[in-house]
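Here is target07.cif, consisting of mmCIF, C-alpha atoms and all ligand atoms:
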data_coords
loop_
_atom_site.label_atom_id
_atom_site.label_comp_id
_atom_site.auth_asym_id
_atom_site.auth_seq_id
_atom_site.Cartn_x
_atom_site.Cartn_y
_atom_site.Cartn_z
CA MET P 57 -103.51 89.10 166.06
CA LYS P 58 -105.41 86.13 167.35
CA GLN P 59 -107.73 86.50 170.32
CA LYS P 60 -106.48 85.95 173.83
CA LEU P 61 -107.66 82.92 175.74
CA ASN P 62 -107.64 84.76 179.06
CA TYR P 63 -107.09 81.76 181.26
CA LEU P 64 -105.17 82.24 184.48
CA LYS P 65 -102.25 79.98 185.29
CA GLU P 66 -102.49 77.63 188.25
CA THR P 67 -100.43 78.79 191.23
CA PRO P 68 -97.23 76.75 191.08
CA SER P 69 -96.64 74.19 193.80
CA GLN P 70 -93.84 74.38 196.36
CA THR P 71 -92.69 71.72 198.78
CA ALA P 72 -94.62 71.45 202.03
CA GLY P 73 -91.24 71.45 203.79
CA PRO P 74 -90.30 69.68 207.00
CA PHE P 75 -92.73 71.61 209.20
CA VAL P 76 -96.01 70.90 207.45
CA HIS P 77 -97.34 69.68 210.80
CA ILE P 78 -97.38 73.18 212.26
CA GLY P 79 -100.04 74.20 209.82
CA LEU P 80 -101.98 71.05 209.21
CA ALA P 81 -101.49 68.95 212.35
CA PRO P 82 -100.09 71.24 215.07
CA GLY P 83 -100.48 68.59 217.75
CA ALA P 84 -97.80 66.55 215.99
CA ALA P 85 -95.54 69.62 215.85
CA GLY P 86 -95.82 69.73 219.63
CA PHE P 87 -98.37 72.39 220.46
CA ASP P 88 -102.03 72.76 221.10
CA ILE P 89 -103.78 75.63 219.35
CA TYR P 90 -107.04 74.57 217.72
CA ASP P 91 -110.21 73.29 219.34
CA GLN P 92 -110.18 70.49 216.80
CA GLU P 93 -107.70 69.33 214.22
CA LEU P 94 -109.08 68.33 210.85
CA GLY P 95 -108.92 64.92 209.27
CA THR P 96 -108.44 62.83 212.39
CA ASP P 97 -111.63 60.80 211.86
CA ILE P 98 -112.18 59.66 208.29
CA ALA P 99 -115.34 57.58 208.51
CA GLY P 100 -117.09 58.86 211.65
CA PRO P 101 -119.05 56.77 214.14
CA ASN P 102 -122.04 55.92 211.94
CA ALA P 103 -120.35 54.55 208.86
CA CYS P 104 -121.48 51.15 207.64
CA GLY P 105 -119.05 48.64 206.27
CA GLU P 106 -115.97 46.85 207.44
CA ARG P 107 -113.77 48.70 209.92
CA ILE P 108 -110.18 48.52 208.77
CA ARG P 109 -106.79 49.92 209.60
CA VAL P 110 -104.26 50.95 206.98
CA GLU P 111 -100.56 51.12 207.83
CA GLY P 112 -97.35 51.71 205.98
CA LEU P 113 -94.13 53.54 205.38
CA VAL P 114 -93.07 56.00 202.75
CA ILE P 115 -89.61 54.88 201.62
CA ASP P 116 -87.09 57.04 199.78
CA GLY P 117 -84.61 56.07 197.07
CA ILE P 118 -81.99 55.07 199.63
CA GLY P 119 -84.43 52.64 201.24
CA SER P 120 -84.95 54.81 204.32
CA PRO P 121 -88.35 55.66 205.74
CA VAL P 122 -89.46 59.25 205.14
CA LYS P 123 -90.23 60.53 208.61
CA ASP P 124 -91.62 63.98 207.87
CA VAL P 125 -94.29 63.06 205.36
CA MET P 126 -97.97 63.98 205.49
CA LEU P 127 -100.58 61.95 203.65
CA GLU P 128 -104.16 62.79 202.92
CA ALA P 129 -106.72 60.10 202.22
CA TRP P 130 -109.90 60.58 200.19
CA GLN P 131 -112.37 57.74 199.86
CA ALA P 132 -115.95 56.76 199.22
CA ASN P 133 -118.14 55.07 201.81
CA ALA P 134 -119.01 51.37 201.80
CA THR P 135 -121.66 51.87 199.12
CA GLY P 136 -119.30 53.75 196.84
CA SER P 137 -120.48 57.32 197.48
CA TYR P 138 -118.19 60.26 198.09
CA ALA P 139 -119.26 62.85 200.65
CA HIS P 140 -119.54 65.52 197.99
CA PRO P 141 -122.59 67.33 196.60
CA GLU P 142 -121.81 66.30 193.03
CA HIS P 143 -121.57 62.61 193.69
CA PRO P 144 -124.74 60.50 193.63
CA GLY P 145 -125.79 58.61 196.71
CA ASP P 146 -125.83 59.49 200.38
CA VAL P 147 -123.23 59.03 203.05
CA GLU P 148 -123.76 58.34 206.73
CA ASP P 149 -124.01 61.25 209.14
CA GLY P 150 -120.45 62.18 210.12
CA PHE P 151 -118.81 60.43 207.18
CA ARG P 152 -116.40 62.82 205.45
CA GLY P 153 -114.15 60.27 203.79
CA TRP P 154 -111.10 62.47 204.18
CA GLY P 155 -108.22 62.18 206.57
CA ARG P 156 -104.80 63.51 207.41
CA VAL P 157 -102.08 61.12 208.36
CA ILE P 158 -98.80 62.01 210.03
CA THR P 159 -95.83 59.68 210.34
CA ASN P 160 -94.18 58.78 213.58
CA PHE P 161 -91.13 61.08 213.62
CA GLU P 162 -88.85 58.31 214.95
CA THR P 163 -89.91 55.38 212.75
CA GLY P 164 -91.73 56.85 209.79
CA GLU P 165 -94.67 54.48 210.37
CA TRP P 166 -98.09 55.88 209.62
CA GLY P 167 -101.57 54.46 209.95
CA PHE P 168 -105.22 55.36 209.95
CA ASP P 169 -108.55 53.80 210.85
CA THR P 170 -111.44 53.91 208.44
CA ILE P 171 -113.98 51.71 206.73
CA LYS P 172 -113.34 49.80 203.56
CA PRO P 173 -114.80 51.77 200.65
CA GLY P 174 -117.13 50.23 198.09
CA PRO P 175 -116.59 50.18 194.33
CA VAL P 176 -117.12 53.52 192.58
CA MET P 177 -118.48 54.09 189.08
CA GLY P 178 -115.69 55.26 186.78
CA ARG P 179 -115.60 56.61 183.26
CA TYR P 180 -117.46 54.98 180.39
CA GLY P 181 -119.63 53.08 182.85
CA GLN P 182 -116.71 50.97 184.04
CA MET P 183 -116.77 50.15 187.72
CA MET P 184 -113.62 50.97 189.67
CA ALA P 185 -112.49 48.52 192.35
CA PRO P 186 -112.63 49.78 195.95
CA HIS P 187 -109.76 52.19 196.50
CA ILE P 188 -108.51 55.01 198.68
CA ASN P 189 -106.98 58.04 196.98
CA LEU P 190 -103.78 59.23 198.63
CA TRP P 191 -101.91 62.51 198.34
CA ILE P 192 -98.38 62.67 199.70
CA VAL P 193 -96.42 65.79 200.57
CA ALA P 194 -93.09 66.23 202.34
CA ARG P 195 -89.83 68.08 202.31
CA GLY P 196 -88.17 67.25 199.00
CA ILE P 197 -91.48 66.58 197.22
CA ASN P 198 -92.04 69.57 194.96
CA VAL P 199 -95.55 68.70 193.82
CA GLY P 200 -97.79 66.51 195.97
CA LEU P 201 -97.87 62.90 194.74
CA ASN P 202 -101.17 61.20 193.91
CA THR P 203 -101.59 57.48 194.15
CA ARG P 204 -104.35 54.95 194.86
CA LEU P 205 -104.51 52.17 197.41
CA TYR P 206 -106.40 49.05 196.31
CA PHE P 207 -107.14 45.99 198.45
CA SER P 208 -105.52 42.55 198.14
CA ASP P 209 -108.79 40.72 198.86
CA GLU P 210 -110.52 42.32 195.86
CA GLU P 211 -108.64 40.35 193.24
CA GLU P 212 -111.52 40.05 190.82
CA ALA P 213 -112.49 43.73 191.00
CA ASN P 214 -108.85 44.79 190.81
CA SER P 215 -108.23 42.79 187.66
CA ALA P 216 -111.17 44.59 186.01
CA ASP P 217 -110.26 48.04 187.35
CA PRO P 218 -109.86 50.52 184.48
CA VAL P 219 -107.21 52.55 186.31
CA ILE P 220 -105.02 49.61 187.30
CA ASN P 221 -105.31 48.37 183.73
CA LEU P 222 -104.01 51.68 182.41
CA ILE P 223 -100.62 50.79 183.84
CA GLU P 224 -98.75 49.35 180.92
CA TRP P 225 -96.07 47.73 183.08
CA GLU P 226 -98.03 44.90 184.68
CA ARG P 227 -95.25 44.31 187.18
CA ARG P 228 -95.84 47.77 188.62
CA ARG P 229 -99.56 47.24 189.24
CA LYS P 230 -98.91 45.39 192.46
CA THR P 231 -97.42 48.56 193.98
CA LEU P 232 -101.00 49.79 194.37
CA ILE P 233 -102.29 46.74 196.26
CA ALA P 234 -102.40 46.89 200.05
CA GLN P 235 -101.91 43.48 201.67
CA ARG P 236 -104.60 42.32 204.05
CA VAL P 237 -103.62 40.71 207.35
CA GLU P 238 -105.62 39.89 210.48
CA ARG P 239 -104.09 41.13 213.70
CA ASP P 240 -105.70 40.63 217.11
CA GLY P 241 -109.08 40.22 215.45
CA ALA P 242 -108.70 43.43 213.47
CA THR P 243 -108.25 43.86 209.73
CA VAL P 244 -105.05 45.65 208.80
CA TYR P 245 -103.87 46.53 205.31
CA ARG P 246 -100.17 47.12 204.77
CA PHE P 247 -99.28 49.70 202.15
CA ASP P 248 -95.66 50.77 201.78
CA ILE P 249 -95.07 53.55 199.30
CA CYS P 250 -91.71 53.61 197.50
CA LEU P 251 -90.71 56.96 196.04
CA GLN P 252 -87.97 55.38 193.92
CA GLY P 253 -86.29 52.09 193.13
CA ASP P 254 -87.34 48.74 191.67
CA ASN P 255 -90.64 48.85 193.48
CA GLU P 256 -91.39 52.51 192.88
CA THR P 257 -95.08 53.05 193.57
CA VAL P 258 -97.20 54.11 190.63
CA PHE P 259 -98.05 57.80 190.91
CA PHE P 260 -100.69 59.46 188.80
CA ASP P 261 -100.97 62.75 187.01
CA ILE P 262 -104.61 63.35 187.77
CA MET Q 130 -125.84 70.71 191.40
CA THR Q 131 -123.56 71.12 188.40
CA LYS Q 132 -122.77 68.25 186.11
CA PRO Q 133 -119.53 66.49 186.95
CA ALA Q 134 -116.86 67.85 184.65
CA GLU Q 135 -113.14 67.47 184.45
CA PHE Q 136 -110.44 69.82 185.60
CA TYR Q 137 -107.99 71.20 183.08
CA GLN Q 138 -104.86 69.13 183.10
CA ARG Q 139 -101.99 70.41 185.20
CA ASP Q 140 -99.28 72.24 183.25
CA ARG Q 141 -96.36 70.23 184.57
CA GLU Q 142 -93.86 72.63 183.00
CA TRP Q 143 -95.26 75.45 185.09
CA HIS Q 144 -94.82 73.45 188.30
CA PRO Q 145 -91.40 72.39 189.57
CA PRO Q 146 -90.12 69.02 188.35
CA ALA Q 147 -89.93 66.27 190.98
CA LEU Q 148 -86.13 66.14 190.71
CA ASP Q 149 -83.93 69.21 191.08
CA ARG Q 150 -80.35 68.45 192.07
CA ASN Q 151 -79.90 71.89 193.59
CA TYR Q 152 -82.65 71.06 196.05
CA LYS Q 153 -80.84 68.11 197.54
CA THR Q 154 -83.70 66.51 199.42
CA SER Q 155 -85.57 66.02 196.17
CA VAL Q 156 -82.86 63.69 194.85
CA ALA Q 157 -83.91 60.63 196.87
CA ARG Q 158 -87.57 61.63 197.12
CA SER Q 159 -88.45 62.16 193.46
CA PRO Q 160 -90.15 59.37 191.52
CA GLN Q 161 -87.99 58.26 188.58
CA TYR Q 162 -90.71 56.80 186.41
CA PRO Q 163 -93.11 59.08 184.61
CA LEU Q 164 -96.46 59.76 186.25
CA ILE Q 165 -99.31 57.73 184.77
CA SER Q 166 -101.77 60.13 183.15
CA LEU Q 167 -105.24 59.58 184.51
CA GLU Q 168 -108.37 61.19 183.15
CA ASN Q 169 -110.56 62.49 185.97
CA THR Q 170 -113.06 60.12 187.50
CA ALA Q 171 -115.41 60.74 190.41
CA SER Q 172 -112.44 60.06 192.71
CA GLU Q 173 -110.58 63.12 191.43
CA ILE Q 174 -113.52 65.46 190.77
CA THR Q 175 -114.86 65.17 194.29
CA GLY Q 176 -113.05 66.30 197.40
CA PRO Q 177 -113.69 67.03 201.07
CA VAL Q 178 -116.22 69.69 201.99
CA PHE Q 179 -115.62 71.87 205.04
CA GLY Q 180 -117.95 74.08 207.00
CA HIS Q 181 -117.84 76.76 209.64
CA ASN Q 182 -118.16 74.09 212.34
CA ASP Q 183 -114.72 72.80 211.43
CA PHE Q 184 -112.79 75.75 212.83
CA ALA Q 185 -113.16 78.87 214.94
CA PRO Q 186 -113.75 82.28 213.33
CA THR Q 187 -110.61 83.56 215.08
CA ASP Q 188 -108.36 80.86 213.62
CA ASN Q 189 -107.28 83.27 210.86
CA ASP Q 190 -105.78 85.77 213.32
CA LEU Q 191 -102.21 84.70 214.07
CA LEU Q 192 -101.72 87.92 216.05
CA THR Q 193 -104.08 86.60 218.71
CA ASN Q 194 -104.69 82.88 218.20
CA TYR Q 195 -101.74 81.85 220.34
CA ALA Q 196 -100.92 85.05 222.24
CA GLN Q 197 -101.39 85.49 225.97
CA PRO Q 198 -104.32 87.81 226.73
CA GLY Q 199 -103.20 91.40 226.26
CA GLN Q 200 -99.95 90.43 224.58
CA ALA Q 201 -98.91 90.26 220.94
CA PRO Q 202 -96.23 88.50 218.91
CA VAL Q 203 -93.05 90.34 218.00
CA GLY Q 204 -92.63 91.50 214.40
CA GLU Q 205 -94.07 93.53 211.58
CA ARG Q 206 -97.85 93.24 211.74
CA ILE Q 207 -99.31 92.31 208.38
CA ILE Q 208 -102.54 91.35 206.67
CA VAL Q 209 -102.31 88.72 203.94
CA HIS Q 210 -105.38 88.78 201.78
CA GLY Q 211 -106.60 87.84 198.34
CA ARG Q 212 -108.91 85.59 196.46
CA VAL Q 213 -108.89 81.94 195.53
CA LEU Q 214 -109.76 81.72 191.85
CA ASP Q 215 -109.72 79.00 189.25
CA GLU Q 216 -108.03 79.15 185.86
CA ASN Q 217 -111.28 80.48 184.41
CA ALA Q 218 -110.89 83.45 186.82
CA ARG Q 219 -113.99 82.33 188.70
CA PRO Q 220 -113.89 82.65 192.49
CA VAL Q 221 -113.66 79.44 194.51
CA PRO Q 222 -116.03 80.04 197.45
CA ASN Q 223 -116.15 78.20 200.77
CA THR Q 224 -112.83 76.51 200.37
CA LEU Q 225 -110.41 75.89 203.21
CA VAL Q 226 -107.15 77.87 203.26
CA GLU Q 227 -104.53 76.97 205.85
CA ILE Q 228 -101.18 78.65 206.48
CA TRP Q 229 -98.09 78.08 208.58
CA GLN Q 230 -94.94 80.11 209.01
CA ALA Q 231 -91.88 80.93 211.11
CA ASN Q 232 -92.06 83.77 213.61
CA ALA Q 233 -90.37 87.14 213.07
CA SER Q 234 -86.98 85.69 213.97
CA GLY Q 235 -87.25 82.85 211.46
CA LYS Q 236 -88.01 80.19 214.09
CA TYR Q 237 -90.79 77.62 213.78
CA ARG Q 238 -92.83 76.34 216.68
CA HIS Q 239 -91.90 72.75 215.87
CA LYS Q 240 -90.05 70.24 218.00
CA LYS Q 241 -87.79 69.47 215.05
CA ASP Q 242 -86.70 73.07 214.37
CA ALA Q 243 -83.13 73.50 215.63
CA TYR Q 244 -82.48 77.05 214.37
CA LEU Q 245 -80.92 79.56 216.80
CA GLY Q 246 -83.72 82.09 216.33
CA SER Q 247 -85.76 82.70 219.44
CA MET Q 248 -89.18 81.28 220.13
CA ASP Q 249 -91.95 83.83 220.52
CA PRO Q 250 -94.26 82.80 223.40
CA ASN Q 251 -97.11 84.73 221.78
CA PHE Q 252 -96.88 83.21 218.32
CA GLY Q 253 -98.07 79.78 217.23
CA GLY Q 254 -97.50 80.20 213.52
CA CYS Q 255 -100.56 78.61 212.00
CA GLY Q 256 -103.97 79.76 210.87
CA ARG Q 257 -106.93 78.65 208.79
CA THR Q 258 -110.00 80.17 207.25
CA MET Q 259 -112.59 79.60 204.55
CA THR Q 260 -113.06 81.77 201.49
CA ASP Q 261 -116.30 83.72 201.35
CA SER Q 262 -118.79 83.65 198.48
CA ASP Q 263 -116.41 85.78 196.36
CA GLY Q 264 -113.48 83.48 197.04
CA TYR Q 265 -111.97 86.10 199.34
CA TYR Q 266 -109.81 85.23 202.35
CA TYR Q 267 -107.58 87.07 204.78
CA PHE Q 268 -105.20 86.43 207.66
CA ARG Q 269 -103.59 88.70 210.23
CA THR Q 270 -100.07 87.71 211.20
CA VAL Q 271 -96.51 88.96 211.53
CA LYS Q 272 -94.04 88.95 208.69
CA PRO Q 273 -91.92 85.81 209.07
CA GLY Q 274 -88.14 86.06 209.28
CA ALA Q 275 -85.70 84.49 206.85
CA TYR Q 276 -83.91 81.40 208.12
CA PRO Q 277 -80.93 79.26 207.10
CA TRP Q 278 -81.33 75.64 206.07
CA ARG Q 279 -79.10 72.73 205.22
CA ASN Q 280 -78.75 72.38 201.50
CA TRP Q 281 -75.67 74.05 200.13
CA VAL Q 282 -73.73 75.27 203.17
CA ASN Q 283 -75.05 78.82 203.15
CA ASN Q 284 -78.63 78.65 201.89
CA TRP Q 285 -81.30 80.89 203.39
CA ARG Q 286 -85.01 80.73 202.84
CA PRO Q 287 -86.57 84.06 201.90
CA ALA Q 288 -89.37 85.14 204.24
CA HIS Q 289 -92.30 82.93 203.29
CA ILE Q 290 -95.69 81.65 204.37
CA HIS Q 291 -96.70 78.07 203.54
CA ILE Q 292 -100.22 77.85 202.12
CA SER Q 293 -102.50 74.85 201.69
CA VAL Q 294 -105.70 75.06 199.61
CA PHE Q 295 -108.38 72.51 198.74
CA GLY Q 296 -110.74 73.68 196.01
CA THR Q 297 -113.77 71.54 195.22
CA GLY Q 298 -112.05 68.41 193.92
CA PHE Q 299 -109.15 66.33 195.21
CA ALA Q 300 -107.39 67.04 191.89
CA GLN Q 301 -107.15 70.71 192.84
CA ARG Q 302 -105.31 70.05 196.08
CA LEU Q 303 -102.34 72.39 196.35
CA ILE Q 304 -99.61 73.37 198.77
CA THR Q 305 -97.40 76.29 197.92
CA GLN Q 306 -95.44 79.15 199.48
CA LEU Q 307 -95.98 82.90 199.48
CA TYR Q 308 -92.95 85.22 199.20
CA PHE Q 309 -92.78 88.96 199.79
CA GLU Q 310 -92.19 91.67 197.21
CA GLY Q 311 -88.66 93.04 197.25
CA ASP Q 312 -86.96 90.22 199.15
CA PRO Q 313 -83.41 89.76 197.73
CA LEU Q 314 -83.31 86.15 198.99
CA ILE Q 315 -86.03 85.03 196.57
CA ASP Q 316 -83.60 84.90 193.64
CA GLN Q 317 -81.06 82.96 195.71
CA CYS Q 318 -83.30 80.21 197.03
CA PRO Q 319 -82.92 76.67 195.61
CA ILE Q 320 -86.53 75.85 196.57
CA VAL Q 321 -87.86 78.87 194.69
CA LYS Q 322 -85.58 77.94 191.79
CA THR Q 323 -87.13 74.49 191.48
CA ILE Q 324 -89.76 76.42 189.48
CA PRO Q 325 -88.34 76.69 185.98
CA ASP Q 326 -90.42 79.57 184.59
CA PRO Q 327 -89.62 83.03 186.02
CA ASP Q 328 -93.21 84.13 185.40
CA ALA Q 329 -94.40 81.25 187.58
CA VAL Q 330 -92.09 82.45 190.36
CA GLN Q 331 -93.63 85.93 190.10
CA GLN Q 332 -97.00 84.36 190.80
CA LEU Q 333 -95.74 83.38 194.26
CA ILE Q 334 -94.65 86.91 195.24
CA ALA Q 335 -97.23 88.83 197.25
CA ALA Q 336 -97.46 92.52 196.47
CA LEU Q 337 -97.33 95.22 199.12
CA ASP Q 338 -100.87 96.59 199.19
CA MET Q 339 -100.95 100.02 200.81
CA ASN Q 340 -104.67 100.43 200.12
CA ALA Q 341 -105.48 97.46 202.31
CA SER Q 342 -103.06 98.41 205.06
CA ILE Q 343 -104.41 99.93 208.25
CA PRO Q 344 -102.64 103.21 209.08
CA LEU Q 345 -100.60 103.12 212.29
CA ASP Q 346 -101.48 99.44 212.71
CA THR Q 347 -100.88 96.83 210.00
CA LEU Q 348 -99.27 96.58 206.55
CA ALA Q 349 -100.96 94.48 203.92
CA TYR Q 350 -99.85 92.09 201.19
CA LYS Q 351 -102.13 90.82 198.46
CA PHE Q 352 -101.90 87.22 197.30
CA ASP Q 353 -104.34 85.61 194.89
CA ILE Q 354 -104.26 81.85 194.57
CA VAL Q 355 -105.26 80.10 191.34
CA LEU Q 356 -106.50 76.51 191.35
CA ARG Q 357 -107.04 74.28 188.35
CA GLY Q 358 -109.96 75.35 186.18
CA ARG Q 359 -112.80 73.16 185.18
CA ARG Q 360 -114.67 72.61 181.99
CA SER Q 361 -117.98 74.37 182.01
CA LYS Q 362 -119.48 71.82 179.64
CA LEU Q 363 -119.08 68.13 179.66
CA PHE Q 364 -117.82 67.40 176.16
CA GLU Q 365 -117.27 63.79 177.05
CA ASN Q 366 -120.66 62.95 178.45
CA ARG Q 367 -119.98 59.41 179.53
CA LEU Q 368 -117.88 60.42 182.52
CA GLU Q 369 -120.46 59.26 185.02
CA GLY Q 370 -121.89 55.96 183.93
CA ASN Q 371 -123.29 55.44 180.45
FE FE P 401 -90.64 77.14 205.73
#

Take the structure in the file and give it back as structure tokens.
Ligand SMILES: [Fe+3]
Amino acid sequence: MKQKLNYLKETPSQTAGPFVHIGLAPGAAGFDIYDQELGTDIAGPNACGERIRVEGLVIDGIGSPVKDVMLEAWQANATGSYAHPEHPGDVEDGFRGWGRVITNFETGEWGFDTIKPGPVMGRYGQMMAPHINLWIVARGINVGLNTRLYFSDEEEANSADPVINLIEWERRRKTLIAQRVERDGATVYRFDICLQGDNETVFFDI
Amino acid sequence: MTKPAEFYQRDREWHPPALDRNYKTSVARSPQYPLISLENTASEITGPVFGHNDFAPTDNDLLTNYAQPGQAPVGERIIVHGRVLDENARPVPNTLVEIWQANASGKYRHKKDAYLGSMDPNFGGCGRTMTDSDGYYYFRTVKPGAYPWRNWVNNWRPAHIHISVFGTGFAQRLITQLYFEGDPLIDQCPIVKTIPDPDAVQQLIAALDMNASIPLDTLAYKFDIVLRGRRSKLFENRLEGN
């Protein structure tokens, strides 16, 4: 008989359910328990780069906003470094690059403040355009969904981005581009995520 | 500092599919197009790092972290403990584990929970901790109650604890649920049954662990969590630049 490989199997995923906030953002669930909740400040006070706000909706196949979703953001700093010991480059004191985002229970709108990340070196020496990695969980989502948010004012970098260019259906690439608008002197990117339909957002198996 | 290396790809047949018509909420919330396969880059291999400054050492004790001084939540007192490992069976140290659950009557402390079960003034229902250098973690809590939910008219969730784990890279991010050995509702539950492989379901059932229980005080359940494994060698050595 052949030898055994002896790998373990990954623990299977289950939906985060409607009450994910209790565990990961109890303030949103309506109670105060921890000294500090995690993921409320993505960039910290010392981060260089352009301060931006990102806003959007997660929209289901009926066209309705998903109001019980939780998103996590993971991004590099303005010089393209992740706050991780295996990634080259330094980040500013207090920059974690990770955040948790809860929707408004009435409207489904979500938003977060951060800095615009820089380009990050990808595989085969190909530079990736600035992007924020997003992970989306909710009731009815059995395995968390991974996508990437790119920026509408990075047209040149986006058109050379090796990940965007992996998407065979060119029409779908635009689902990853957040649209830049100026509002009251602030920079806001709009990024609606469609779980289904003609404009279904591209999700990745990473 | 280890060389950046990729995680093993996720076995999507081991995980539940996005769409399962018996779990009704998934019908309008499941992507219809296939996922785009993406080989790991720095964006997936890295992930947030947490430290002991991020939480209090008592955050893993749900028996006390919301209770009035001198009081305790109602219910069967339990320890949930185990290790976070990767698919190579190596411990994942210093990784954040967060849990949330209903109280002993099946009621969540959440403004959107409308179930008839009673609220326990001494139970918040959430906890968090970091694995130690062996990947070990534990929580003290009460065994959650089963509760009904709107799916088919008479669906009940088996007693369960929701668990969130990070690992070292964003690609390892996982949320799952722990069930309890011997619960007859496990086989009935449409959410459990989104997982096609019965062996995968078994991996979510915590075993009663009498050796770890504390006599006259607390029962124990053991629950190991396995995150995606990682190549030990970088076969494709152009991952990071040229
Ligand atoms: Fe639940």

Expected answer as an MDAnalysis selection string: chain Q residues within 6 Å of chain P, all atoms listed in the file
chainID Q and resid 144 147 154:155 157:158 160 164:167 170 175 216:217 228:229 239:240 255 304:306 354:357 367:371

Grab the residues selected above and save them as a PDB file, in the frame of the given file with C-alpha atoms.
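Saved the output as selection-v8.pdb:
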ATOM      1  CA  HIS Q 144     -94.820  73.450 188.300  1.00  0.00           C
ATOM      2  CA  ALA Q 147     -89.930  66.270 190.980  1.00  0.00           C
ATOM      3  CA  THR Q 154     -83.700  66.510 199.420  1.00  0.00           C
ATOM      4  CA  SER Q 155     -85.570  66.020 196.170  1.00  0.00           C
ATOM      5  CA  ALA Q 157     -83.910  60.630 196.870  1.00  0.00           C
ATOM      6  CA  ARG Q 158     -87.570  61.630 197.120  1.00  0.00           C
ATOM      7  CA  PRO Q 160     -90.150  59.370 191.520  1.00  0.00           C
ATOM      8  CA  LEU Q 164     -96.460  59.760 186.250  1.00  0.00           C
ATOM      9  CA  ILE Q 165     -99.310  57.730 184.770  1.00  0.00           C
ATOM     10  CA  SER Q 166    -101.770  60.130 183.150  1.00  0.00           C
ATOM     11  CA  LEU Q 167    -105.240  59.580 184.510  1.00  0.00           C
ATOM     12  CA  THR Q 170    -113.060  60.120 187.500  1.00  0.00           C
ATOM     13  CA  THR Q 175    -114.860  65.170 194.290  1.00  0.00           C
ATOM     14  CA  GLU Q 216    -108.030  79.150 185.860  1.00  0.00           C
ATOM     15  CA  ASN Q 217    -111.280  80.480 184.410  1.00  0.00           C
ATOM     16  CA  ILE Q 228    -101.180  78.650 206.480  1.00  0.00           C
ATOM     17  CA  TRP Q 229     -98.090  78.080 208.580  1.00  0.00           C
ATOM     18  CA  HIS Q 239     -91.900  72.750 215.870  1.00  0.00           C
ATOM     19  CA  LYS Q 240     -90.050  70.240 218.000  1.00  0.00           C
ATOM     20  CA  CYS Q 255    -100.560  78.610 212.000  1.00  0.00           C
ATOM     21  CA  ILE Q 304     -99.610  73.370 198.770  1.00  0.00           C
ATOM     22  CA  THR Q 305     -97.400  76.290 197.920  1.00  0.00           C
ATOM     23  CA  GLN Q 306     -95.440  79.150 199.480  1.00  0.00           C
ATOM     24  CA  ILE Q 354    -104.260  81.850 194.570  1.00  0.00           C
ATOM     25  CA  VAL Q 355    -105.260  80.100 191.340  1.00  0.00           C
ATOM     26  CA  LEU Q 356    -106.500  76.510 191.350  1.00  0.00           C
ATOM     27  CA  ARG Q 357    -107.040  74.280 188.350  1.00  0.00           C
ATOM     28  CA  ARG Q 367    -119.980  59.410 179.530  1.00  0.00           C
ATOM     29  CA  LEU Q 368    -117.880  60.420 182.520  1.00  0.00           C
ATOM     30  CA  GLU Q 369    -120.460  59.260 185.020  1.00  0.00           C
ATOM     31  CA  GLY Q 370    -121.890  55.960 183.930  1.00  0.00           C
ATOM     32  CA  ASN Q 371    -123.290  55.440 180.450  1.00  0.00           C
TER      33      ASN Q 371
END

Closest atom pairs, chain Q residues within 9 Å of ligand FE 401 (chain P), all atoms listed in the file, as JSON lines:
{"residue": "Q:Trp229", "atom": "CA", "partner": "P:FE401", "partner_atom": "FE", "distance": 8.0}
{"residue": "Q:Gln230", "atom": "CA", "partner": "P:FE401", "partner_atom": "FE", "distance": 6.2}
{"residue": "Q:Ala231", "atom": "CA", "partner": "P:FE401", "partner_atom": "FE", "distance": 6.7}
{"residue": "Q:Gly235", "atom": "CA", "partner": "P:FE401", "partner_atom": "FE", "distance": 8.8}
{"residue": "Q:Tyr237", "atom": "CA", "partner": "P:FE401", "partner_atom": "FE", "distance": 8.1}
{"residue": "Q:Ala275", "atom": "CA", "partner": "P:FE401", "partner_atom": "FE", "distance": 8.9}
{"residue": "Q:Tyr276", "atom": "CA", "partner": "P:FE401", "partner_atom": "FE", "distance": 8.3}
{"residue": "Q:Arg286", "atom": "CA", "partner": "P:FE401", "partner_atom": "FE", "distance": 7.3}
{"residue": "Q:Pro287", "atom": "CA", "partner": "P:FE401", "partner_atom": "FE", "distance": 8.9}
{"residue": "Q:Ala288", "atom": "CA", "partner": "P:FE401", "partner_atom": "FE", "distance": 8.2}
{"residue": "Q:His289", "atom": "CA", "partner": "P:FE401", "partner_atom": "FE", "distance": 6.5}
{"residue": "Q:Ile290", "atom": "CA", "partner": "P:FE401", "partner_atom": "FE", "distance": 6.9}
{"residue": "Q:His291", "atom": "CA", "partner": "P:FE401", "partner_atom": "FE", "distance": 6.5}
{"residue": "Q:Gln306", "atom": "CA", "partner": "P:FE401", "partner_atom": "FE", "distance": 8.1}

Around range 131-148 of chain Q, with edges along x, y and z and 4 Å added on all six sides, what centre and edge lengths do you get, in Å to one decimal, as AutoDock Vina command-line options?
--center_x -104.8 --center_y 70.8 --center_z 187.0 --size_x 45.4 --size_y 17.3 --size_z 16.0

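Among the candidates Q:Pro163, Q:Gly180, Q:Gly274, Q:Pro327, the residue lying nearest to Phe309 in chain Q is Q:Gly274 (atoms considered: only C-alpha atoms).
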
With distances taken over all atoms listed in the file, which of P:Arg109, P:Ala185, P:Asp149, P:Cys104 is nearest to Asn221 in chain P?
P:Ala185
